[in-house]
Structure formats: structure tokens, C-alpha cells
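The next block is final.pdb, given as PDB, C-alpha atoms.
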ATOM      1  CA  MET V   1     -64.361-130.435 -77.937
ATOM      2  CA  GLY V   2     -65.636-127.013 -79.004
ATOM      3  CA  LYS V   3     -63.590-123.906 -79.676
ATOM      4  CA  ASN V   4     -64.377-122.313 -76.291
ATOM      5  CA  GLU V   5     -63.469-125.491 -74.395
ATOM      6  CA  LEU V   6     -60.198-125.720 -76.315
ATOM      7  CA  MET V   7     -59.336-122.079 -75.535
ATOM      8  CA  GLN V   8     -60.022-122.631 -71.821
ATOM      9  CA  TYR V   9     -57.815-125.742 -71.857
ATOM     10  CA  VAL V  10     -54.941-123.829 -73.505
ATOM     11  CA  GLU V  11     -55.357-120.891 -71.084
ATOM     12  CA  ASN V  12     -54.988-123.293 -68.165
ATOM     13  CA  LEU V  13     -51.711-124.575 -69.634
ATOM     14  CA  VAL V  14     -50.263-121.075 -70.091
ATOM     15  CA  GLU V  15     -48.422-119.879 -66.995
ATOM     16  CA  ARG V  16     -49.362-116.255 -66.292
ATOM     17  CA  LYS V  17     -47.089-113.986 -64.331
ATOM     18  CA  GLU V  18     -48.557-111.162 -62.297
ATOM     19  CA  PHE V  19     -47.754-107.767 -63.778
ATOM     20  CA  PRO V  20     -48.735-104.328 -62.460
ATOM     21  CA  LYS V  21     -51.870-102.750 -63.909
ATOM     22  CA  PHE V  22     -51.222-100.443 -66.842
ATOM     23  CA  LYS V  23     -53.236 -99.032 -69.722
ATOM     24  CA  ALA V  24     -52.883 -96.812 -72.783
ATOM     25  CA  GLY V  25     -50.896 -93.650 -72.112
ATOM     26  CA  ASP V  26     -48.743 -95.152 -69.360
ATOM     27  CA  THR V  27     -44.961 -95.192 -69.758
ATOM     28  CA  ILE V  28     -43.593 -98.632 -68.943
ATOM     29  CA  THR V  29     -40.309-100.528 -69.087
ATOM     30  CA  VAL V  30     -40.535-104.112 -70.340
ATOM     31  CA  HIS V  31     -37.610-106.311 -69.269
ATOM     32  CA  TYR V  32     -37.430-108.786 -72.155
ATOM     33  CA  LYS V  33     -35.276-111.918 -72.308
ATOM     34  CA  ILE V  34     -33.263-112.225 -75.521
ATOM     35  CA  ARG V  35     -31.370-115.335 -76.582
ATOM     36  CA  GLU V  36     -28.258-114.849 -78.669
ATOM     37  CA  GLY V  37     -26.753-118.195 -79.545
ATOM     38  CA  ASN V  38     -26.673-120.076 -76.254
ATOM     39  CA  LYS V  39     -26.471-116.928 -74.108
ATOM     40  CA  GLU V  40     -29.419-115.125 -72.537
ATOM     41  CA  ARG V  41     -29.580-111.479 -71.592
ATOM     42  CA  ILE V  42     -32.298-109.055 -70.545
ATOM     43  CA  GLN V  43     -33.043-106.039 -72.718
ATOM     44  CA  ASN V  44     -35.152-103.104 -71.522
ATOM     45  CA  PHE V  45     -37.756-101.564 -73.834
ATOM     46  CA  GLN V  46     -39.140 -98.323 -72.384
ATOM     47  CA  GLY V  47     -41.972 -96.483 -74.066
ATOM     48  CA  VAL V  48     -45.605 -95.416 -74.054
ATOM     49  CA  VAL V  49     -48.372 -98.026 -74.164
ATOM     50  CA  LEU V  50     -50.496 -97.377 -77.267
ATOM     51  CA  GLN V  51     -53.071-100.092 -76.664
ATOM     52  CA  ARG V  52     -54.003-103.299 -74.930
ATOM     53  CA  SER V  53     -55.767-105.783 -77.153
ATOM     54  CA  GLY V  54     -57.441-109.169 -76.709
ATOM     55  CA  SER V  55     -58.179-111.088 -73.537
ATOM     56  CA  GLY V  56     -56.967-114.116 -71.645
ATOM     57  CA  ALA V  57     -54.005-116.011 -73.088
ATOM     58  CA  THR V  58     -54.100-114.060 -76.352
ATOM     59  CA  GLU V  59     -53.877-110.574 -74.814
ATOM     60  CA  THR V  60     -51.206-108.270 -76.246
ATOM     61  CA  PHE V  61     -50.017-104.722 -75.693
ATOM     62  CA  THR V  62     -48.200-102.299 -77.985
ATOM     63  CA  VAL V  63     -45.359-100.092 -76.737
ATOM     64  CA  ARG V  64     -43.916 -97.163 -78.710
ATOM     65  CA  LYS V  65     -40.626 -95.368 -78.175
ATOM     66  CA  ILE V  66     -38.449 -92.975 -80.161
ATOM     67  CA  ALA V  67     -34.985 -94.395 -80.899
ATOM     68  CA  ASN V  68     -32.493 -92.118 -82.704
ATOM     69  CA  GLY V  69     -35.325 -89.945 -84.013
ATOM     70  CA  VAL V  70     -37.245 -92.931 -85.413
ATOM     71  CA  GLY V  71     -40.456 -94.252 -83.879
ATOM     72  CA  VAL V  72     -40.228 -97.920 -82.872
ATOM     73  CA  GLU V  73     -43.291 -99.937 -81.898
ATOM     74  CA  ARG V  74     -43.238-103.403 -80.454
ATOM     75  CA  ILE V  75     -46.128-105.745 -79.717
ATOM     76  CA  PHE V  76     -45.730-107.974 -76.666
ATOM     77  CA  PRO V  77     -48.016-110.899 -75.733
ATOM     78  CA  ILE V  78     -48.934-110.644 -72.037
ATOM     79  CA  ALA V  79     -48.481-114.409 -71.643
ATOM     80  CA  SER V  80     -44.981-114.385 -73.188
ATOM     81  CA  PRO V  81     -42.464-116.434 -71.167
ATOM     82  CA  PHE V  82     -39.719-114.016 -72.326
ATOM     83  CA  ILE V  83     -41.107-111.051 -70.354
ATOM     84  CA  GLU V  84     -39.128-110.978 -67.123
ATOM     85  CA  GLN V  85     -40.929-108.021 -65.520
ATOM     86  CA  ILE V  86     -42.827-104.835 -66.313
ATOM     87  CA  ASP V  87     -42.223-101.562 -64.473
ATOM     88  CA  VAL V  88     -44.760 -98.728 -64.659
ATOM     89  CA  ASN V  89     -42.712 -95.499 -64.782
ATOM     90  CA  LYS V  90     -45.485 -92.921 -65.337
ATOM     91  CA  LEU V  91     -49.263 -93.013 -65.390
ATOM     92  CA  GLY V  92     -50.620 -91.127 -68.393
ATOM     93  CA  ALA V  93     -53.895 -89.223 -68.495
ATOM     94  CA  VAL V  94     -55.515 -90.022 -71.847
ATOM     95  CA  ARG V  95     -59.173 -90.337 -72.829
ATOM     96  CA  ARG V  96     -58.790 -93.177 -75.301
ATOM     97  CA  ALA V  97     -58.145 -96.911 -75.085
ATOM     98  CA  ARG V  98     -56.038 -96.791 -78.263
ATOM     99  CA  ILE V  99     -53.848 -93.720 -78.740
ATOM    100  CA  PHE V 100     -52.666 -94.140 -82.332
ATOM    101  CA  TYR V 101     -52.879 -90.354 -82.814
ATOM    102  CA  LEU V 102     -49.533 -90.245 -80.972
ATOM    103  CA  ARG V 103     -47.865 -91.604 -84.141
ATOM    104  CA  ASN V 104     -48.509 -88.331 -85.982
ATOM    105  CA  LEU V 105     -47.305 -86.056 -83.179
ATOM    106  CA  THR V 106     -43.691 -85.023 -82.694
ATOM    107  CA  GLY V 107     -41.746 -83.059 -80.106
ATOM    108  CA  LYS V 108     -43.633 -81.286 -77.338
ATOM    109  CA  LYS V 109     -47.019 -82.137 -78.872
ATOM    110  CA  ALA V 110     -46.349 -85.809 -78.196
ATOM    111  CA  ARG V 111     -46.216 -85.276 -74.428
ATOM    112  CA  ILE V 112     -48.832 -86.959 -72.273
ATOM    113  CA  LYS V 113     -50.182 -85.422 -69.069
ATOM    114  CA  GLU V 114     -49.478 -87.395 -65.935
ATOM    115  CA  ARG V 115     -52.368 -88.996 -64.076
ATOM    116  CA  ARG V 116     -52.397 -88.690 -60.298
ATOM    117  CA  ARG V 117     -51.682 -91.940 -58.456
ATOM    118  CA  GLN V 118     -54.567 -93.416 -56.515
TER     119      GLN V 118
END
Structure translated into C-alpha cells:
Amino acid sequence: MGKNELMQYVENLVERKEFPKFKAGDTITVHYKIREGNKERIQNFQGVVLQRSGSGATETFTVRKIANGVGVERIFPIASPFIEQIDVNKLGAVRRARIFYLRNLTGKKARIKERRRQ
């Protein structure tokens, strides 16, 4: 069994939920399941998508938010069973697939223009 065949087999095993389309520059809220001891709760992580990376079962996306004046980035696998749902709050108008330049901007410079909905 070759590497490609193995990847296809694993991708068939992974259960994929349907999420709305989003890309870099969009502001999204990720509802993430967190287990503390034997209790489960859902935590919301709202921020700007910096990038989407990979494809298939190994696809990930990075979300950045400012918490108490400190930038926090989190990488989520798209196929994660802990992601309950994803809400797209705003569509951003950016010209890049990876907007890492946002890390160096603060205040009003870090704003992203809103893209018109289709």
C-alpha cells in the first residue's frame, strides 16, 4: 500500500463536518469543545483568519485575536472532532492567501476592509 493509497484510506475514515466557506481576512467564531476533567463545555474563539493550509484530512487554519492587549493565535485542524461549529461574522477584503503582515500592525492599521457579500 503506497503513501497516496494510505492517505485516501485515512481520509475516508475521518468524518468531515460541513462548515461555511471562509478564507484569509474573514472574521470567524470557532465553537470549540473543551474537556475539563469529565465535564465538557464549548468555548468560543473569535478572530481573523490568517491562513488556510494543507488539503483534505490534514487541512488547518490559523485564527488570530487580541486578548487583553496580547495577540493570540490558534491553529485548528479542519477535521477536528472538537470543532462544534464555525460562524463567519465578517468577510474581509484582502489580496493575500496568508496575511502574516497583520502581526506587525496595531490599532486602526490592523483593520481589514469588508468584502461585499455575493
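The residue set within 12 Å of Phe100 (chain V), counting all atoms listed in the file and dropping same-chain residues fewer than 4 places from it, reads Ala24, Gly25, Val48, Val49, Leu50, Gln51, Arg52, Thr62, Val63, Arg64, Glu73, Val94, Arg96, Asn104, Leu105 and Ala110 of chain V.
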Report the residues retrieved by the PyMOL selection byres ((chain V and resi 45) around 6) from the displayed file, expressed as a CSV table (one decimal) with C-alpha atoms, keeping the file's coordinate frame.
chain,number,residue,atom,x,y,z
V,29,THR,CA,-40.3,-100.5,-69.1
V,30,VAL,CA,-40.5,-104.1,-70.3
V,44,ASN,CA,-35.2,-103.1,-71.5
V,46,GLN,CA,-39.1,-98.3,-72.4
The distance between CA of Tyr32 (chain V) and CA of Glu114 (chain V) is 25.3 Å
One decimal place gives the CA of Gly54 (chain V)-CA of Ile66 (chain V) separation as 25.2 Å
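On the file presented, the PyMOL selection byres ((chain V and resi 10-12) around 12) picks out V:Lys3, V:Asn4, V:Glu5, V:Leu6, V:Met7, V:Gln8, V:Tyr9, V:Leu13, V:Val14, V:Glu15, V:Arg16, V:Ser55, V:Gly56, V:Ala57, V:Thr58, V:Glu59, V:Ala79.
Residues matched by the PyMOL selection byres ((chain V and resi 75) around 6) in this file: V:Phe61, V:Thr62, V:Arg74, V:Phe76.
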Let me have the centre and edge lengths in Å, one decimal, of the box along x, y and z around every listed atom of region 14-22 of chain V with 8 Å of margin on each side, as lines of an AutoDock Vina configuration file.
center_x = -49.5
center_y = -110.8
center_z = -66.2
size_x = 20.8
size_y = 36.6
size_z = 23.8
**Prompt:** Which is closer to Ala67 (chain V) than all the others in V:His31, V:Ser53, V:Gly47, V:Asn89, using all atoms listed in the file?
**Reply:**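 With all atoms listed in the file as the atom set, the closest residue is V:Gly47.
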### Task
Kindly indicate which residue among V:Lys108, V:Arg116, V:Asp87, V:Leu102 lies nearest to Ile28 (chain V), using all atoms listed in the file for the distances.
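Checking each candidate against Ile28 (chain V), we get V:Asp87 as the closest.
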A straight line from CA of Val70 (chain V) to CA of Thr106 (chain V) spans 10.6 Å
